[in-house]
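**Q** Before I ask anything, let me first share the structure, which is written out below as structure tokens.
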Amino acid sequence: MDRADVIARYDEKLDTDAYADVDASANGLQVGSESGTVEHVAFAVDAAEATIEAAVEAGADLLVTHHGLIWGGLDRVTGQEYDRIAPLVENDIGLYVSHLPLDGHQSVGNAAGVADHLELEAREPFGEMGPVHIGQRGRASQTYSVEKLREALDEFDNGGTPTQVLDFGPDEISEIAIVTGSGVDWLSEAEAVGADALVTGEGKQQVYHEAREAGLNVFLAGHYATETFGVRNLAALAQEWGLETTYLDFPTGL
């Protein structure tokens, strides 16, 4: 398949342009040329030396990641930046990145994947960021206790790090808001929509007091662990297009 066609399909599916003004990440093709063909696509959460080297070893023509290499500009290609970019260029591997578009997509995105895992119903977009959303909320098909929801989230691959819980909300959890990765800034929105719990990846110091004062449960299931769903779903799409795929799993435990 033409590389330009793969890129265009992903851009259209993820509505990449809609996030251009709110995302620091340079979404879309970050490294490489749109010319050429793609037979084998590698997928990973992070674009890092480890995943890029693994993509080279796998013989991939394209590497698709959630976290890319360019955040608001690139001044110099030296040091760590060079060590990451050079293998891509030398092996003619394109790097395609989808950050917030892949968080917020309501069917193949990261939050949608968490919602699928938790079997949430009556789903709606959540996590306003300007004109777009980066999360999802819904109602549990069966009410969770705090411990049962923790156990469900511990099924994610987070490098052995257990889910942290700030259990300041109801003992019975039905309404759940999700923003994957670093999503505690949407705690006030979760409170406003009547959520019993906010599920995200990692926390900040002040969220303890904010959750306590709001009377809201907060589950910190790991930044990496909550953001594996999107790239896996993009891999499934590539398989439907007849492409060979490899998923590169490098859990950080964070």
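Residue names in the structure tokens use chain letters A, B, ... in the order shown, residue numbers from 1 in each chain, and ligand numbers from 1 in the order shown.
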If you count only C-alpha atoms, which residues fall within 9 Å of A:Thr226, apart from same-chain ones fewer than 3 positions away, as a PyMOL selection string?

**A** chain A and resi 110-111+113-114+153+156-158+179-181+200-201+221-223+229

**Q** Find the residues near A:Thr16: any atom within 9 Å, counting only C-alpha atoms, skip ones fewer than 2 places away on the same chain, and give them as a list in words.

**A** Tyr10, Asp11, Glu12, Lys13, Leu14, Ala18, Tyr19, Ala20, Asn27, Gly28, Ser98, Leu100, Pro101 and Leu102 of chain A

**Q** Residues within 10 Å of stretch 49-60 of chain A, please, as a ChimeraX atom specification. Count only C-alpha atoms; anything in the same chain fewer than 4 positions from it doesn't count.

**A** /A:38-45,64-65,80-81,83-88,90-95,244-250

**Q** Name the residues of stretch 23-109 of chain A that fall into alpha helix (DSSP H) according to DSSP on the backbone, using the chain letters and numbers of this document, as a list of chain:residue names.

**A**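 Everything in stretch 23-109 of chain A that counts as alpha helix (DSSP H) is A:Glu49, A:Ala50, A:Thr51, A:Ile52, A:Glu53, A:Ala54, A:Ala55, A:Val56, A:Glu57, A:Ala58, A:Gly79, A:Gln80, A:Glu81, A:Tyr82, A:Asp83, A:Arg84, A:Ile85, A:Ala86, A:Pro87, A:Leu88, A:Val89, A:Glu90, A:Leu100, A:Pro101, A:Leu102, A:Asp103, A:Gly104.
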
**Q** Which residue out of A:Tyr96, A:Phe168, A:Tyr208, A:Trp186 has the minimum interatomic distance to A:Arg137 when only C-alpha atoms are used?

**A**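 Of the candidates, the smallest distance to A:Arg137 is held by A:Trp186.
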